[in-house]
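Following: one structure in structure tokens, then a few remarks.
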Amino acid sequence: MNDKVDTKVKKYALRAGTVTAVSALMLLVSSPAFAFARDDGDDPGPGISIAETLGLFVAVPLGIFLLIAALVTLSGRAGNGKQQH
């Protein structure tokens with residue numbers, strides 16, 4: 001019985017290791033680290049500050065989420081007064 005458990009554990013460990021290694025390899029291959037040379041017509045603008053980055057990628061999505069949540073909550077409360085048949 002113990003051999004069956006050991007075999008299963010080894011099989012799962014091998015599978016997990018394989019998935020991890022393949023995932024890591026895919027991430028390394030797809031990384032933009034090899035993009036040292038600039039392309040023709042490549043004209044990046046000025047960088048943005050940390051505050052602008054946090055505002056754009058944290059505050060704006062959070063605000064949109066809160067707005068949608070408020071609209072859903074308000075529409076749910078407005079519909080509670082009606083009876084359903």
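Chain labels follow the order of the structure tokens: the first chain is A, the next B, and so on; residue numbering restarts at 1 in every chain, and ligands are counted from 1 in their shown order.
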
| message | Which of chain A end up as alpha helix (DSSP H) when DSSP is run on this backbone - answer as JSON, numbers by chain? | response | {"A": [2, 3, 4, 5, 6, 7, 8, 9, 10, 11, 12, 13, 14, 15, 16, 17, 18, 19, 20, 21, 22, 23, 24, 25, 26, 27, 28, 29, 30, 50, 51, 52, 53, 54, 60, 61, 62, 63, 64, 65, 66, 67, 68, 69, 70, 71, 72, 73, 74, 75, 76, 77, 78]}

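What separates CA of Asp39 (chain A) from CA of Ser23 (chain A) is a distance of 28.6 Å.
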